[in-house]
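Pasted below: model-v4.cif, mmCIF, C-alpha atoms.
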```
data_work
loop_
_atom_site.label_atom_id
_atom_site.label_comp_id
_atom_site.auth_asym_id
_atom_site.auth_seq_id
_atom_site.Cartn_x
_atom_site.Cartn_y
_atom_site.Cartn_z
CA MET A 1487 13.08 -16.42 83.07
CA LYS A 1488 14.92 -14.85 80.16
CA ARG A 1489 16.79 -18.07 79.62
CA SER A 1490 13.56 -20.10 79.53
CA ILE A 1491 12.26 -17.93 76.72
CA ALA A 1492 15.55 -18.18 74.86
CA VAL A 1493 15.52 -21.97 75.21
CA PHE A 1494 12.00 -22.11 73.84
CA LEU A 1495 12.59 -19.71 70.97
CA GLN A 1496 15.82 -21.10 69.60
CA GLY A 1497 14.10 -24.18 68.19
CA LEU A 1498 11.77 -22.07 66.08
CA VAL A 1499 14.15 -20.34 63.70
CA ILE A 1500 17.75 -19.99 64.87
CA GLU A 1501 18.29 -23.66 65.62
CA ASN A 1502 15.40 -25.01 63.58
CA PRO A 1503 15.98 -28.78 63.59
CA LEU A 1504 14.94 -29.27 59.98
CA ALA A 1505 16.15 -26.21 58.17
CA ILE A 1506 19.31 -25.27 60.07
CA ILE A 1507 20.65 -28.40 61.75
CA MET A 1508 19.27 -30.52 58.90
CA ILE A 1509 18.37 -33.57 60.94
CA GLY A 1510 15.24 -35.67 60.98
CA LEU A 1511 14.59 -34.91 57.35
CA CYS A 1512 13.15 -38.21 56.17
CA SER A 1513 9.72 -37.87 57.70
CA ALA A 1514 9.51 -34.17 56.88
CA LEU A 1515 9.81 -34.69 53.15
CA ALA A 1516 7.86 -37.90 52.90
CA VAL A 1517 4.64 -37.13 54.74
CA THR A 1518 4.06 -33.56 53.58
CA THR A 1519 2.00 -34.53 50.54
CA SER A 1520 -1.18 -33.54 52.41
CA VAL A 1521 -1.88 -31.15 55.27
CA ALA A 1522 -3.61 -33.85 57.34
CA ASN A 1523 -0.48 -36.01 57.19
CA GLY A 1524 1.73 -33.04 58.04
CA ILE A 1525 -0.31 -32.19 61.14
CA GLY A 1526 -0.54 -35.83 62.22
CA MET A 1527 3.20 -36.34 61.90
CA SER A 1528 3.97 -33.08 63.75
CA LEU A 1529 1.71 -34.04 66.65
CA ALA A 1530 3.20 -37.53 66.89
CA MET A 1531 6.73 -36.15 66.76
CA THR A 1532 6.06 -33.37 69.28
CA PHE A 1533 4.49 -35.84 71.70
CA VAL A 1534 7.46 -38.21 71.52
CA ILE A 1535 10.07 -35.47 71.90
CA VAL A 1536 8.30 -33.80 74.85
CA ALA A 1537 7.65 -37.09 76.65
CA SER A 1538 11.20 -38.37 76.07
CA GLU A 1539 12.88 -35.14 77.17
CA LEU A 1540 10.61 -34.98 80.24
CA ILE A 1541 11.36 -38.52 81.38
CA ILE A 1542 15.06 -38.40 80.60
CA SER A 1543 15.54 -35.04 82.24
CA ALA A 1544 13.69 -36.23 85.35
CA PHE A 1545 15.88 -39.31 85.64
CA ARG A 1546 19.10 -37.73 84.40
CA LYS A 1547 20.92 -38.20 87.72
CA LEU A 1548 20.02 -41.90 87.88
CA ILE A 1549 21.06 -42.86 84.36
CA PRO A 1550 24.66 -44.14 84.34
CA GLU A 1551 26.91 -42.31 81.88
CA SER A 1552 28.23 -45.46 80.18
CA VAL A 1553 24.89 -47.00 79.20
CA ARG A 1554 22.96 -43.81 78.58
CA ILE A 1555 22.53 -44.26 74.82
CA PRO A 1556 20.74 -47.65 75.05
CA ILE A 1557 18.56 -46.30 77.84
CA PHE A 1558 17.63 -43.25 75.75
CA ILE A 1559 16.80 -45.49 72.82
CA ILE A 1560 14.54 -47.70 74.92
CA ILE A 1561 12.66 -44.71 76.35
CA ILE A 1562 12.20 -43.15 72.91
CA ALA A 1563 11.18 -46.50 71.43
CA ALA A 1564 8.58 -47.00 74.16
CA PHE A 1565 6.91 -43.65 73.43
CA THR A 1566 7.10 -44.26 69.69
CA THR A 1567 5.39 -47.62 70.14
CA MET A 1568 2.65 -45.89 72.12
CA VAL A 1569 2.06 -43.33 69.38
CA ASP A 1570 2.15 -46.04 66.73
CA LEU A 1571 -0.46 -48.19 68.49
CA VAL A 1572 -2.74 -45.23 69.32
CA MET A 1573 -2.64 -44.07 65.70
CA LYS A 1574 -3.36 -47.56 64.41
CA ALA A 1575 -6.34 -47.87 66.75
CA TYR A 1576 -7.97 -44.43 66.40
CA PHE A 1577 -6.71 -43.03 63.08
CA PRO A 1578 -6.21 -46.08 60.87
CA ASP A 1579 -6.33 -44.05 57.63
CA LEU A 1580 -3.74 -41.55 58.82
CA SER A 1581 -1.57 -44.36 60.12
CA LYS A 1582 -1.74 -46.15 56.78
CA ALA A 1583 -0.90 -42.96 54.86
CA MET A 1584 2.24 -42.39 56.90
CA GLY A 1585 3.23 -46.04 56.89
CA VAL A 1586 6.74 -46.71 58.07
CA PHE A 1587 7.38 -43.12 59.12
CA ILE A 1588 5.66 -43.40 62.49
CA PRO A 1589 7.91 -46.28 63.67
CA LEU A 1590 10.84 -44.35 62.20
CA ILE A 1591 10.35 -41.58 64.79
CA VAL A 1592 12.47 -43.80 67.03
CA VAL A 1593 15.58 -43.16 64.95
CA ASN A 1594 14.72 -39.54 64.25
CA CYS A 1595 17.95 -37.73 64.95
CA ILE A 1596 16.12 -34.66 66.31
CA ILE A 1597 14.98 -36.58 69.37
CA MET A 1598 18.23 -38.40 69.99
CA GLY A 1599 20.17 -35.19 69.42
CA ARG A 1600 18.13 -33.07 71.83
CA VAL A 1601 18.01 -35.77 74.46
CA GLU A 1602 21.76 -36.26 74.36
CA ALA A 1603 22.71 -32.61 74.04
CA PHE A 1604 20.08 -31.02 76.25
CA ALA A 1605 17.69 -33.13 78.34
CA SER A 1606 20.41 -35.26 79.89
CA LYS A 1607 22.01 -32.13 81.40
CA GLU A 1608 19.17 -29.72 82.15
CA PRO A 1609 16.35 -29.53 84.73
CA VAL A 1610 12.85 -30.65 83.77
CA PRO A 1611 11.21 -27.26 82.99
CA HIS A 1612 13.96 -26.26 80.57
CA ALA A 1613 13.93 -29.67 78.93
CA VAL A 1614 10.18 -29.47 78.34
CA LEU A 1615 10.47 -25.94 76.93
CA ASP A 1616 13.29 -27.03 74.66
CA ALA A 1617 11.21 -29.99 73.48
CA LEU A 1618 8.20 -27.75 72.82
CA GLY A 1619 10.35 -25.28 70.91
CA MET A 1620 11.91 -27.99 68.79
CA GLY A 1621 8.50 -29.60 68.25
CA LEU A 1622 7.05 -26.27 67.16
CA GLY A 1623 10.01 -25.58 64.89
CA TYR A 1624 9.44 -28.96 63.30
CA THR A 1625 5.70 -28.33 63.07
CA TRP A 1626 5.80 -25.00 61.26
CA VAL A 1627 8.14 -26.28 58.58
CA LEU A 1628 6.07 -29.46 58.15
CA VAL A 1629 2.68 -27.76 58.06
CA GLY A 1630 4.00 -24.98 55.84
CA MET A 1631 5.45 -27.47 53.37
CA SER A 1632 2.31 -29.58 53.33
CA VAL A 1633 0.11 -26.51 52.70
CA VAL A 1634 2.25 -25.49 49.74
CA ARG A 1635 2.39 -29.02 48.34
CA GLU A 1636 -1.27 -29.88 48.77
CA LEU A 1637 -2.45 -26.50 47.49
CA LEU A 1638 -0.33 -26.53 44.33
CA GLY A 1639 -0.37 -30.25 43.74
CA ASN A 1640 -4.02 -30.91 44.43
CA GLY A 1641 -5.78 -27.54 44.70
CA THR A 1642 -7.05 -28.40 48.17
CA ILE A 1643 -6.22 -27.81 51.85
CA LEU A 1644 -7.21 -30.54 54.28
CA GLY A 1645 -9.18 -32.10 51.45
CA ILE A 1646 -11.33 -28.97 50.90
CA GLN A 1647 -11.23 -27.43 47.44
CA VAL A 1648 -9.62 -24.00 47.80
CA LEU A 1649 -8.49 -23.04 44.33
CA PRO A 1650 -11.16 -22.67 41.60
CA GLU A 1651 -12.24 -25.79 39.73
CA SER A 1652 -10.54 -24.52 36.59
CA TYR A 1653 -7.16 -24.83 38.32
CA GLN A 1654 -5.09 -27.59 36.78
CA PRO A 1655 -3.22 -29.26 39.69
CA ILE A 1656 0.56 -29.34 39.27
CA LEU A 1657 1.09 -32.99 40.09
CA PHE A 1658 4.84 -32.36 40.41
CA PHE A 1659 4.41 -30.95 43.90
CA VAL A 1660 2.90 -34.06 45.48
CA LEU A 1661 5.48 -36.32 43.82
CA PRO A 1662 8.88 -36.92 45.46
CA PRO A 1663 10.84 -34.35 43.36
CA GLY A 1664 8.40 -31.65 44.46
CA GLY A 1665 9.20 -32.49 48.07
CA PHE A 1666 12.88 -31.80 47.51
CA LEU A 1667 12.20 -28.53 45.71
CA VAL A 1668 9.72 -27.18 48.28
CA PHE A 1669 12.10 -28.14 51.08
CA ALA A 1670 14.95 -26.28 49.37
CA LEU A 1671 12.79 -23.15 49.32
CA PHE A 1672 11.87 -23.59 52.98
CA ILE A 1673 15.53 -23.84 54.02
CA SER A 1674 16.13 -20.68 52.07
CA LEU A 1675 13.18 -18.97 53.79
CA ASN A 1676 14.38 -20.05 57.20
CA LEU A 1677 17.90 -18.76 56.53
CA PHE A 1678 16.34 -15.43 55.56
CA LEU A 1679 14.23 -15.37 58.75
CA LYS A 1680 17.28 -16.21 60.83
CA LYS A 1681 19.23 -13.35 59.32
CA LYS A 1682 16.35 -10.92 59.97
CA TRP A 1683 15.93 -12.23 63.51
CA LEU A 1684 19.57 -11.78 64.39
CA GLU A 1685 19.56 -8.24 62.97
CA SER A 1686 16.31 -7.27 64.74
CA PRO A 1687 16.28 -5.35 68.08
CA LEU A 1688 15.28 -8.63 69.73
CA GLY A 1689 18.88 -9.50 69.05
CA CYS A 1690 20.25 -12.92 69.58
CA PRO A 1691 18.90 -14.49 72.77
CA ASP A 1692 21.92 -16.54 73.62
CA PRO A 1693 20.68 -19.82 75.10
CA GLU A 1694 24.14 -20.74 76.38
CA GLY A 1695 24.58 -17.40 78.11
CA GLY A 1696 22.85 -18.43 81.34
CA ASN A 1697 20.98 -15.14 81.94
CA MET B 135 10.96 -62.12 35.23
CA PRO B 136 11.72 -64.00 38.47
CA VAL B 137 10.24 -62.43 41.59
CA ALA B 138 13.63 -61.88 43.23
CA LEU B 139 14.89 -59.90 40.21
CA LYS B 140 11.74 -57.76 40.27
CA ILE B 141 12.24 -57.00 43.94
CA PHE B 142 15.86 -56.09 43.25
CA ILE B 143 15.18 -53.71 40.37
CA ALA B 144 12.28 -52.09 42.19
CA ALA B 145 14.48 -51.53 45.24
CA VAL B 146 17.44 -50.03 43.34
CA LEU B 147 15.69 -47.83 40.80
CA ILE B 148 11.92 -47.55 41.00
CA ASN B 149 11.50 -47.12 44.74
CA ASN B 150 14.96 -45.68 45.33
CA ILE B 151 15.11 -45.31 49.08
CA ILE B 152 16.49 -41.78 49.04
CA LEU B 153 15.10 -40.14 45.96
CA MET B 154 11.64 -41.67 45.97
CA ARG B 155 11.05 -42.50 49.62
CA PHE B 156 13.16 -39.88 51.44
CA ILE B 157 14.59 -42.40 53.89
CA GLY B 158 18.22 -41.99 54.97
CA LEU B 159 18.48 -38.34 53.95
CA CYS B 160 20.83 -37.33 56.75
CA PRO B 161 23.86 -39.32 55.53
CA TYR B 162 22.86 -38.54 51.94
CA ILE B 163 23.28 -34.82 52.57
CA GLY B 164 25.99 -35.03 55.22
CA MET B 165 28.35 -37.67 53.84
CA SER B 166 28.27 -37.08 50.10
CA THR B 167 31.09 -34.53 49.97
CA ASP B 168 33.20 -36.67 47.64
CA VAL B 169 32.71 -39.78 45.56
CA LYS B 170 35.19 -41.91 47.47
CA GLN B 171 33.51 -41.28 50.78
CA SER B 172 30.12 -42.05 49.24
CA ILE B 173 31.34 -45.43 48.03
CA GLY B 174 32.78 -46.27 51.46
CA MET B 175 29.54 -45.32 53.15
CA GLY B 176 27.59 -47.26 50.52
CA PHE B 177 29.47 -50.48 51.19
CA ALA B 178 29.15 -50.09 54.94
CA VAL B 179 25.40 -49.58 54.57
CA THR B 180 25.09 -52.64 52.31
CA PHE B 181 26.93 -54.77 54.83
CA VAL B 182 24.91 -53.64 57.83
CA MET B 183 21.62 -53.73 55.95
CA VAL B 184 22.02 -57.36 54.91
CA LEU B 185 23.13 -58.32 58.39
CA ALA B 186 20.26 -56.48 60.03
CA SER B 187 17.69 -57.95 57.64
CA THR B 188 18.94 -61.46 58.30
CA ALA B 189 18.89 -61.03 62.06
CA THR B 190 15.57 -59.24 62.37
CA TRP B 191 13.76 -61.49 59.86
CA THR B 192 14.87 -64.59 61.74
CA LEU B 193 13.98 -63.14 65.10
CA TYR B 194 10.58 -61.88 64.00
CA ASN B 195 9.50 -65.08 62.30
CA LEU B 196 10.93 -67.51 64.83
CA VAL B 197 10.40 -65.67 68.11
CA LEU B 198 8.15 -62.59 68.03
CA ASP B 199 5.49 -63.90 65.67
CA PRO B 200 4.92 -67.34 67.26
CA LEU B 201 4.78 -65.79 70.74
CA GLY B 202 2.39 -63.02 69.69
CA LEU B 203 4.83 -60.25 70.63
CA GLU B 204 4.55 -58.23 67.41
CA PHE B 205 3.95 -55.02 69.36
CA LEU B 206 7.54 -55.16 70.61
CA GLN B 207 8.81 -54.95 67.02
CA ILE B 208 10.13 -51.37 67.16
CA LEU B 209 11.88 -51.83 70.48
CA VAL B 210 13.43 -55.19 69.62
CA PHE B 211 14.58 -54.25 66.13
CA ILE B 212 16.40 -51.10 67.16
CA LEU B 213 18.16 -52.89 70.00
CA ILE B 214 19.16 -55.78 67.74
CA ILE B 215 20.57 -53.44 65.13
CA ALA B 216 22.46 -51.34 67.67
CA SER B 217 24.07 -54.32 69.38
CA LEU B 218 24.80 -56.05 66.08
CA VAL B 219 26.66 -53.05 64.72
CA GLN B 220 28.66 -52.84 67.94
CA LEU B 221 29.63 -56.52 67.70
CA VAL B 222 30.63 -56.21 64.07
CA GLU B 223 32.76 -53.20 64.94
CA PHE B 224 34.62 -55.12 67.65
CA TYR B 225 35.10 -58.10 65.35
CA LEU B 226 36.36 -56.08 62.39
CA LYS B 227 38.79 -54.17 64.59
CA LYS B 228 40.43 -57.44 65.68
CA ALA B 229 40.03 -59.64 62.60
CA ALA B 230 40.31 -57.29 59.65
CA PRO B 231 42.01 -54.02 60.59
CA ALA B 232 42.38 -52.96 56.95
CA LEU B 233 38.66 -53.33 56.32
CA TYR B 234 37.94 -51.60 59.61
CA MET B 235 40.04 -48.63 58.58
CA SER B 236 38.10 -48.17 55.36
CA MET B 237 34.61 -48.94 56.67
CA GLY B 238 34.77 -48.69 60.45
CA ILE B 239 34.31 -44.96 60.79
CA TYR B 240 30.91 -45.21 59.12
CA LEU B 241 29.57 -48.02 61.30
CA PRO B 242 28.48 -46.07 64.40
CA LEU B 243 26.71 -43.56 62.16
CA ILE B 244 24.72 -46.33 60.57
CA THR B 245 23.21 -47.63 63.79
CA THR B 246 20.61 -44.92 63.97
CA ASN B 247 20.23 -44.57 60.23
CA CYS B 248 16.55 -44.73 59.39
CA ALA B 249 17.28 -46.62 56.17
CA ILE B 250 18.39 -49.73 58.04
CA LEU B 251 15.38 -49.78 60.34
CA ALA B 252 13.01 -49.01 57.47
CA VAL B 253 14.28 -51.97 55.46
CA THR B 254 13.79 -54.36 58.34
CA PHE B 255 10.22 -53.09 58.80
CA ASP B 256 9.60 -53.36 55.05
CA ASN B 257 10.62 -57.01 55.07
CA ILE B 258 7.93 -57.73 57.64
CA THR B 259 5.27 -55.49 56.07
CA TYR B 260 5.74 -56.88 52.56
CA GLY B 261 5.92 -60.46 53.86
CA HIS B 262 9.24 -61.21 52.17
CA SER B 263 10.68 -64.70 52.45
CA PHE B 264 14.16 -65.07 53.92
CA PHE B 265 15.86 -65.06 50.52
CA GLU B 266 13.71 -62.18 49.26
CA SER B 267 14.54 -60.07 52.27
CA ILE B 268 18.27 -60.46 51.57
CA VAL B 269 17.78 -59.56 47.91
CA TYR B 270 15.66 -56.59 48.93
CA SER B 271 18.22 -55.27 51.41
CA VAL B 272 21.06 -55.54 48.88
CA GLY B 273 18.92 -53.71 46.32
CA VAL B 274 17.98 -50.92 48.69
CA ALA B 275 21.59 -50.48 49.78
CA LEU B 276 22.83 -50.28 46.18
CA GLY B 277 20.12 -47.72 45.43
CA PHE B 278 21.35 -45.74 48.43
CA MET B 279 24.94 -45.88 47.16
CA LEU B 280 23.86 -44.87 43.65
CA ALA B 281 22.02 -41.79 44.90
CA MET B 282 24.98 -40.79 47.07
CA ILE B 283 27.48 -41.13 44.24
CA ILE B 284 25.28 -39.07 41.94
CA LEU B 285 24.97 -36.29 44.50
CA ALA B 286 28.70 -36.37 45.27
CA GLY B 287 29.44 -35.97 41.57
CA LEU B 288 27.00 -33.11 41.22
CA ARG B 289 28.47 -31.38 44.24
CA THR B 290 31.89 -31.11 42.60
CA ARG B 291 30.21 -29.33 39.68
CA VAL B 292 28.21 -27.01 41.92
CA ARG B 293 31.33 -25.76 43.67
CA THR B 294 32.45 -23.92 40.56
CA SER B 295 29.04 -22.77 39.31
CA ALA B 296 27.26 -19.46 39.75
CA ILE B 297 24.31 -20.13 42.06
CA PRO B 298 21.55 -17.62 42.92
CA ALA B 299 22.34 -16.16 46.34
CA PHE B 300 19.21 -17.45 48.06
CA LEU B 301 20.00 -21.05 47.09
CA ARG B 302 23.66 -21.05 48.16
CA GLY B 303 24.70 -23.68 50.67
CA ASN B 304 22.23 -26.39 51.55
CA PRO B 305 19.19 -25.34 49.50
CA ILE B 306 20.93 -26.01 46.19
CA LEU B 307 21.56 -29.62 47.24
CA PHE B 308 17.84 -30.18 47.51
CA VAL B 309 17.19 -28.51 44.18
CA LEU B 310 19.73 -30.89 42.64
CA SER B 311 18.10 -33.85 44.39
CA SER B 312 14.77 -32.75 43.02
CA LEU B 313 16.11 -32.84 39.47
CA VAL B 314 17.72 -36.24 39.99
CA ALA B 315 14.44 -37.50 41.46
CA VAL B 316 12.59 -36.32 38.34
CA SER B 317 14.91 -38.42 36.21
CA PHE B 318 14.45 -41.43 38.50
CA MET B 319 10.69 -41.17 38.02
CA GLY B 320 11.36 -42.29 34.47
CA PHE B 321 12.07 -45.77 35.82
CA ALA B 322 8.51 -46.08 37.09
CA GLY B 323 7.22 -48.27 34.26
CA LEU B 324 10.26 -50.55 34.19
CA ILE B 325 8.56 -53.65 35.60
CA LYS B 326 4.95 -54.70 35.57
#
```
Show me this structure written as C-alpha cells.
Amino acid sequence: MKRSIAVFLQGLVIENPLAIIMIGLCSALAVTTSVANGIGMSLAMTFVIVASELIISAFRKLIPESVRIPIFIIIIAAFTTMVDLVMKAYFPDLSKAMGVFIPLIVVNCIIMGRVEAFASKEPVPHAVLDALGMGLGYTWVLVGMSVVRELLGNGTILGIQVLPESYQPILFFVLPPGGFLVFALFISLNLFLKKKWLESPLGCPDPEGGN
Amino acid sequence: MPVALKIFIAAVLINNIILMRFIGLCPYIGMSTDVKQSIGMGFAVTFVMVLASTATWTLYNLVLDPLGLEFLQILVFILIIASLVQLVEFYLKKAAPALYMSMGIYLPLITTNCAILAVTFDNITYGHSFFESIVYSVGVALGFMLAMIILAGLRTRVRTSAIPAFLRGNPILFVLSSLVAVSFMGFAGLIK
C-alpha cells in the first residue's frame, strides 16, 4: 500500500517529468499560450500515458525482450492516433491550435521513458498509478504555466477577462521567449518544492524501497 | 525571391525550430555542453532529417495518399524513421567507420527526436513539393544547429558567472534561451 502511494506521488514533484527529469519539453512550452490548450494537451497526454502503461504492463510477459522498443512505439502510436482523430472530430479548434503537437505525443520521451523504465517491469496497478502520477505532474506544470502566460499576456483565463480592462497585456508572455522564461521559473519553483518535500516529516517516500 | 529560398530562410531564422517552435528541446538542453558536440549533433540531425523527409514524402505521396490511408501517417512515419536510422547506422559502421565514429553516437538519440518527426509532418501539412521538402529539412536542421551552437557558447560563459541561487543549474539555461529567442524575433519581418 505504502509503495503504491510512493509510486503515485513521485511523479508530482520529486521526479516531475518536466521540471526534474527535463523530458517531453517541446509540447509543454509550445501549447501553454492559453489555459484551454494547456488543459487539452494535459488530458491528451495523460490518456496516452495511462493507456500505454496499462497495455504494456498487462502484456509485459508476452513481449519479447529483443523487439520491445518497436512494439512499445506501435502501441504508443496507436493511442496517439486515437487521440488525434478524436480531437480532430470533436474539438477541431483545439486540435488546430495545437497543430503538430498532438501527433508529436508519440515521440514524447516521458511516455517512452516510463514505459521502458517502469511499465515493462511492474504489475498493472502500479503501472497505472505511475502513469497517473506522471500525468498529473505533467498537468500541474502545464496548467500552471498556461495560467501565468494567459493571465499576464492576455489578461484572461480560459478566454474570460480577469484583470481590469485598464490592464495593458504584456505580449511577451504569449510569445516564444516568454515560454522559456516562465518555464525557467517553474523549474526553480519545483526544485524549491522538492527541497521542502524532502525536508518535511513526510520524508522521502522511496519508490525503490519496496515497502 | 524564389520560393525555395524563402522556405529556407524562414526555416533557419524566422521559424527557428527550437527557439520559436520549441521542437527538439531535449537534445538542445541535454547535448549542448560544448560547441564541438553541438556541431556533431547538428550534422547528424541534418543528415537524418533530409533522409527522413525524402523517405516519408515519397511514401506518403505514392502510397498512403493514393490508397486513402492518411490516418496511418503517425504510425508509418515513426516506423520508417526508426528503421531508416537503424539501417544507416549499420551501413556507416561498415562503409565509413571514421564518419561513424564522429556521428554514430548521436544517431540512436535522433530516432525519437521530435524535430525529425515534426519536419516530416510539416512537409505534408504545408504541401511541399519534393524539392521544397528537402530544402525545408536542410533549413530546419541548420536552424537547429545554430541554436545549439549559440547555447553551447553561452554555457561556457555562464560557468564562470555569478548567478542568482534560485536560477542555478537548469533554470538559467531557459532564461538564456528566452533572451536568445527575443533576439530571433527580430528576424520576423525578414521576408514578405
| said: Going by the chain IDs and residue numbers used in this file, which residues fall under the PyMOL selection byres ((chain B) within 9 of (chain A))? Write them as a count of residues only. | reply: 44
| query | Could you pull the residues within 12 Å of Ser263 (chain B), counting all atoms listed in the file, minus those fewer than 6 positions along the same chain, as a list in words? | reply |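 Surrounding residues, per the criterion: Val137, Ala138, Ile141, Ser187, Thr188, Trp191, Thr192, Tyr194, Asn195, Asp256, Asn257, Val269 and Tyr270 of chain B.
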| request: Compile the contact shell of Asn1640 (chain A) as a PyMOL selection string: residues with an atom at most 8 Å away, counting only C-alpha atoms, same-chain residues fewer than 6 positions apart removed. | output: chain A and resi 1655-1657+1660
| query | Do you have the CA of His1612 (chain A)-CA of Trp1683 (chain A) distance handy? | reply | 22.2 Å
| query | Leaving out region 232-237 of chain B and any residue of its chain fewer than 5 positions from it, which residues lie within 12 Å of it when counting all atoms listed in the file, given as an MDAnalysis selection string? | reply | chainID B and resid 170:182 222:227 242:244
